[in-house]
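Since the structure comes first, as structure tokens, the remarks are kept for the end.
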There are 2 protein chains.
Amino acid sequence: MKVLVVDDEVLIRDVIKEYLYLENYEVKEASNGLEALDKALNEDFDIIIMDIMMPKMDGYLACQKIKEHKDVPFIFLSARGEEYDKLIGFNLGIDDYVTKPFSPKELVARIKAITKRKNEPTKSIYTFGGLKIDDVAHDVYIDGQKIYLTFKEYELLKYFVDNKNVALSREKLLNNLWGYDFYGDERTIDTHVKTLRKHLGKYKDLIVTVRGMGYKFIYEEDN
Amino acid sequence: MKVLVVDDEVLIRDVIKEYLYLENYEVKEASNGLEALDKALNEDFDIIIMDIMMPKMDGYLACQKIKEHKDVPFIFLSARGEEYDKLIGFNLGIDDYVTKPFSPKELVARIKAITKRKNEPTKSIYTFGGLKIDDVAHDVYIDGQKIYLTFKEYELLKYFVDNKNVALSREKLLNNLWGYDFYGDERTIDTHVKTLRKHLGKYKDLIVTVRGMGYKFIYEEDN
DNA sequence: TATAATTGTGAAAAAGTTATGAAAACTTAA
DNA sequence: TTAAGTTTTCATAACTTTTTCACAATTATA
């Protein structure tokens with residue numbers, strides 16, 4: 001769990017930091033909106049705690065800018081009263097807000113409530129053009145169509161994509177996928193590559209033969 | 001969603017009431033602690049919003065009395081500042097507190113946060129097409145017809161649906177459902193899957209075999 | 001171009017995994 | 001304690017995957 005704490009008062013940051021450490025959160029700091037924006041775009045945080053009144057860039061704007069790029073929950077710290085309406089008016093999609101002076105315990109409780117709610121869906125999906133791999137489900141799709149791979153074929157494909165653009169020798173594949181105690185024929189790899197390619201259909205050329213060496217999964221990001 | 005609003009100032013009650021109506025809450029009122037106690041014991045509320053300073057019986061005492069009988073979340077309204085410490089000191093187990101003068105929007109946001117949070121774990125009916133699971137009652141229905149599962153079968157099914165579209169290894173199932181100290185046969189899973197499938201009748205294909213790995217509950221939402 | 005080396009392929013054999021039925025072991029309530 | 005129900009083990013049948021292997025096709029080299 002990684003938290004970004006944004007406030008221009010170092011004392012406030014320290015208090016929050018201390019309490020969050022106790023709960024095993026990893027804490028990063030920023031002292032104004034501009035700095036927060038920079039950090040939030042370069043790192044993934046599970047939640048951002050942000051003051052409103054800050055030099056250089058205030059909380060409203062920083063939140064807005066960050067939300068343009070990242071879907072991260074926010075808790076705002078504000079001095080009091082009418083500022084809440086302003087927040088609501090900005091329609092920033094904030095998750096909670098706490099008035100100063102606040103109880104650190106209360107803040108931590110709210111952080112917990114939000115981060116807990118968030119954590120549920122676990123998905124790990126790799127995409128290479130029309131080839132999609134859902135590792136949690138152990139499913140592979142080509143152009144949205146599910147294909148059925150055997151266990152070894154799946155393992156092989158997974159190893160290839162985890163090592164994309166790397167030439168892998170038969171020996172290396174054997175050692176990593178079959179284990180060091182496999183004393184069978186190296187050509188067994190060829191057969192699996194054959195069946196995997198057949199299953200990949202029009203994407204079979206993603207696996208290229210590296211003559212005298214082994215095979216390689218090639219994929220160029222097009223960003 | 002039913003809310004009890006307790007405050008001796010009718011103006012305050014009216015403002016809160018109005019905002020809550022907009023959000024489709026059902027609102028009841030009380031003008032002092034004694035009245036609140038009476039209503040809270042005779043009706044079930046999803047949340048109680050209560051002022052501290054009131055004639056006849058103050059908020060602290062009323063809350064205490066109500067909590068003796070009902071487990072209902074509270075949000076306190078307080079005049080300002082140091083009273084928060086007093087609330088904490090009373091150890092009343094309140095869920096939130098808002099200082100006057102407050103923004104009605106803020107109050108509504110907090111009510112929502114708490115009632116939503118509360119409501120999630122209560123969610124106990126899971127539906128997957130014609131398969132329905134009532135987790136509180138431990139009942140399972142297929143096409144409206146109740147089926148009778150053994151305890152282990154139910155646990156297994158529940159774990160599957162809690163991890164839908166996730167390939168689960170036998171080891172993982174064993175660790176999570178039987179405990180880490182189970183040293184029995186892994187194939188015992190197969191037998192339970194077999195009987196569970198039999199009970200699921202035409203929905204037995206929701207549990208698919210992931211060869212070389214384990215099993216998986218598949219279900220695609222169709223929104 | 002001929003030759004050697006390497007990879008692709010289809011099919012059969014071998015090995016491995018899962019489904020199933022039945023029995024044993026265990027629990028629980030009467 | 002019995003009896004009924006549940007859970008676990010286990011052997012075997014049914015099925016799928018993995019491996020081997022011979023030969024065809026391709027590529028590199030002299």
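Lettering and numbering for the structure tokens are positional, with chains as A, B, ... in the shown order, residues counted from 1 in each chain, and ligands counted from 1 in the shown order.
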field: Members of stretch 35-213 of chain B assigned strand (DSSP E or B) by DSSP, as a PyMOL selection string
entry: chain B and resi 47-51+74-78+96-99+125-128+131-134+139-142+145-147+168-169+207-210
So that I have them on file, write out the residues from the current selection with N, CA and C atoms, as a compact mmCIF listing (two decimals), in the first residue's frame.
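The new file out.txt reads:
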# COMPACT_ATOMS: atom_id res chain seq x y z
N ILE B 47 -29.10 4.46 9.88
CA ILE B 47 -28.11 5.36 10.46
C ILE B 47 -28.85 6.42 11.27
N ILE B 48 -28.20 6.92 12.31
CA ILE B 48 -28.78 7.97 13.14
C ILE B 48 -27.85 9.19 13.13
N ILE B 49 -28.43 10.35 12.81
CA ILE B 49 -27.69 11.61 12.83
C ILE B 49 -28.14 12.34 14.08
N MET B 50 -27.20 12.67 14.97
CA MET B 50 -27.62 13.19 16.26
C MET B 50 -26.81 14.38 16.74
N ASP B 51 -27.52 15.38 17.20
CA ASP B 51 -26.88 16.53 17.82
C ASP B 51 -26.42 16.13 19.23
N PHE B 74 -23.75 5.79 13.92
CA PHE B 74 -24.07 7.15 14.34
C PHE B 74 -23.18 8.16 13.65
N ILE B 75 -23.77 9.30 13.31
CA ILE B 75 -22.96 10.46 12.98
C ILE B 75 -23.38 11.56 13.96
N PHE B 76 -22.40 12.15 14.63
CA PHE B 76 -22.72 13.21 15.58
C PHE B 76 -22.54 14.59 14.97
N LEU B 77 -23.44 15.48 15.37
CA LEU B 77 -23.29 16.87 15.02
C LEU B 77 -22.79 17.56 16.27
N SER B 78 -21.72 18.33 16.15
CA SER B 78 -21.27 19.00 17.37
C SER B 78 -20.94 20.44 17.09
N ASP B 96 -18.79 8.70 12.65
CA ASP B 96 -18.29 9.93 12.06
C ASP B 96 -18.81 11.09 12.89
N TYR B 97 -18.26 12.26 12.63
CA TYR B 97 -18.79 13.43 13.32
C TYR B 97 -18.58 14.66 12.48
N VAL B 98 -19.52 15.56 12.54
CA VAL B 98 -19.52 16.75 11.68
C VAL B 98 -19.72 17.97 12.57
N THR B 99 -18.89 19.01 12.35
CA THR B 99 -19.03 20.19 13.19
C THR B 99 -19.99 21.20 12.58
N ILE B 125 -26.70 -12.18 -1.47
CA ILE B 125 -27.31 -12.93 -2.56
C ILE B 125 -26.46 -12.76 -3.80
N TYR B 126 -25.93 -13.86 -4.27
CA TYR B 126 -25.15 -13.83 -5.49
C TYR B 126 -25.94 -14.54 -6.58
N THR B 127 -25.99 -13.96 -7.76
CA THR B 127 -26.74 -14.58 -8.84
C THR B 127 -25.85 -14.75 -10.06
N PHE B 128 -25.89 -15.92 -10.63
CA PHE B 128 -25.17 -16.21 -11.86
C PHE B 128 -26.16 -16.88 -12.79
N LEU B 131 -28.40 -19.55 -11.35
CA LEU B 131 -27.83 -20.05 -10.09
C LEU B 131 -27.84 -18.94 -9.06
N LYS B 132 -28.49 -19.18 -7.94
CA LYS B 132 -28.58 -18.16 -6.90
C LYS B 132 -28.02 -18.70 -5.60
N ILE B 133 -27.22 -17.88 -4.93
CA ILE B 133 -26.64 -18.28 -3.66
C ILE B 133 -27.00 -17.27 -2.60
N ASP B 134 -27.67 -17.71 -1.56
CA ASP B 134 -28.00 -16.84 -0.42
C ASP B 134 -27.02 -17.19 0.69
N ASP B 139 -28.19 -21.05 1.47
CA ASP B 139 -29.07 -21.76 0.55
C ASP B 139 -28.63 -21.54 -0.89
N VAL B 140 -28.83 -22.54 -1.70
CA VAL B 140 -28.51 -22.43 -3.12
C VAL B 140 -29.73 -22.85 -3.93
N TYR B 141 -30.01 -22.07 -4.96
CA TYR B 141 -31.16 -22.36 -5.82
C TYR B 141 -30.71 -22.48 -7.25
N ILE B 142 -31.28 -23.42 -7.97
CA ILE B 142 -31.08 -23.41 -9.42
C ILE B 142 -32.45 -23.27 -10.06
N GLN B 145 -35.33 -23.33 -7.80
CA GLN B 145 -35.51 -24.57 -7.04
C GLN B 145 -34.36 -24.73 -6.06
N LYS B 146 -34.70 -24.91 -4.81
CA LYS B 146 -33.64 -25.05 -3.82
C LYS B 146 -32.92 -26.39 -3.95
N ILE B 147 -31.60 -26.34 -3.88
CA ILE B 147 -30.86 -27.60 -3.89
C ILE B 147 -30.14 -27.75 -2.57
N LEU B 168 -7.97 -21.99 -10.07
CA LEU B 168 -7.55 -22.31 -8.70
C LEU B 168 -6.90 -23.69 -8.66
N SER B 169 -5.71 -23.75 -8.15
CA SER B 169 -5.02 -25.03 -8.05
C SER B 169 -5.60 -25.84 -6.91
N ILE B 207 -18.36 -24.87 -13.51
CA ILE B 207 -17.06 -25.26 -12.97
C ILE B 207 -16.32 -26.04 -14.05
N VAL B 208 -15.27 -25.43 -14.55
CA VAL B 208 -14.52 -26.10 -15.61
C VAL B 208 -13.18 -26.60 -15.06
N THR B 209 -12.75 -27.67 -15.66
CA THR B 209 -11.47 -28.25 -15.28
C THR B 209 -10.35 -27.50 -15.99
N VAL B 210 -9.35 -27.10 -15.26
CA VAL B 210 -8.17 -26.50 -15.86
C VAL B 210 -7.08 -27.56 -15.76
Given only C-alpha atoms (C1' of nucleotides), how would the per-residue table for chain D near chain A read, listing every residue at most 9 Å away with its closest atom pair and distance in Å to one decimal, sorted by chain and number, as a tab-separated table?
residue	atom	partner	partner_atom	distance
D:DT17	C1'	A:Thr150	CA	7.3
D:DT18	C1'	A:Lys152	CA	8.5
D:DT19	C1'	A:Thr188	CA	6.5
D:DT20	C1'	A:Asp185	CA	7.8
D:DT27	C1'	A:Arg211	CA	8.8
task: Return as a ChimeraX atom specification the residues belonging to chain B that are within 8 Å of chain C, counting only C-alpha atoms (C1' of nucleotides).
output: /B:190,194,211-212
Give me, as JSON lines, each residue of chain B that comes within 6 Å of chain A, together with its shortest interatomic pair and the distance in Å at one decimal, counting only C-alpha atoms, with rows ordered by chain and rising residue number.
{"residue": "B:Asn165", "atom": "CA", "partner": "A:Ala137", "partner_atom": "CA", "distance": 5.3}
{"residue": "B:Val166", "atom": "CA", "partner": "A:Ala137", "partner_atom": "CA", "distance": 4.4}
{"residue": "B:Ala167", "atom": "CA", "partner": "A:Ala137", "partner_atom": "CA", "distance": 4.9}
{"residue": "B:Gly212", "atom": "CA", "partner": "A:Phe151", "partner_atom": "CA", "distance": 5.9}
Just the selected residues (N, CA and C atoms), exported as a CSV table (one decimal), in the first residue's frame, please.
chain,number,residue,atom,x,y,z
B,165,ASN,N,-13.7,-16.8,-12.5
B,165,ASN,CA,-12.8,-16.6,-13.6
B,165,ASN,C,-11.3,-16.6,-13.1
B,166,VAL,N,-11.1,-17.2,-12.0
B,166,VAL,CA,-9.7,-17.4,-11.5
B,166,VAL,C,-9.4,-18.9,-11.5
B,167,ALA,N,-8.4,-19.3,-12.1
B,167,ALA,CA,-8.0,-20.7,-12.1
B,167,ALA,C,-7.4,-21.0,-10.7
B,212,GLY,N,-4.1,-29.9,-15.6
B,212,GLY,CA,-2.7,-29.7,-15.1
B,212,GLY,C,-2.6,-28.7,-14.0
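A least-squares superposition of chain B onto chain A that uses all C-alpha atoms in sequence order produces an RMSD of 14.6 Å.
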task: Go ahead and compute the interatomic distance for atom CA of B:Glu220 and atom CA of B:Gly201, in Å to one decimal.
output: 19.0 Å
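For the pair atom CA of A:Gly144 and atom C1' of D:DT16, the separation is 25.4 Å.
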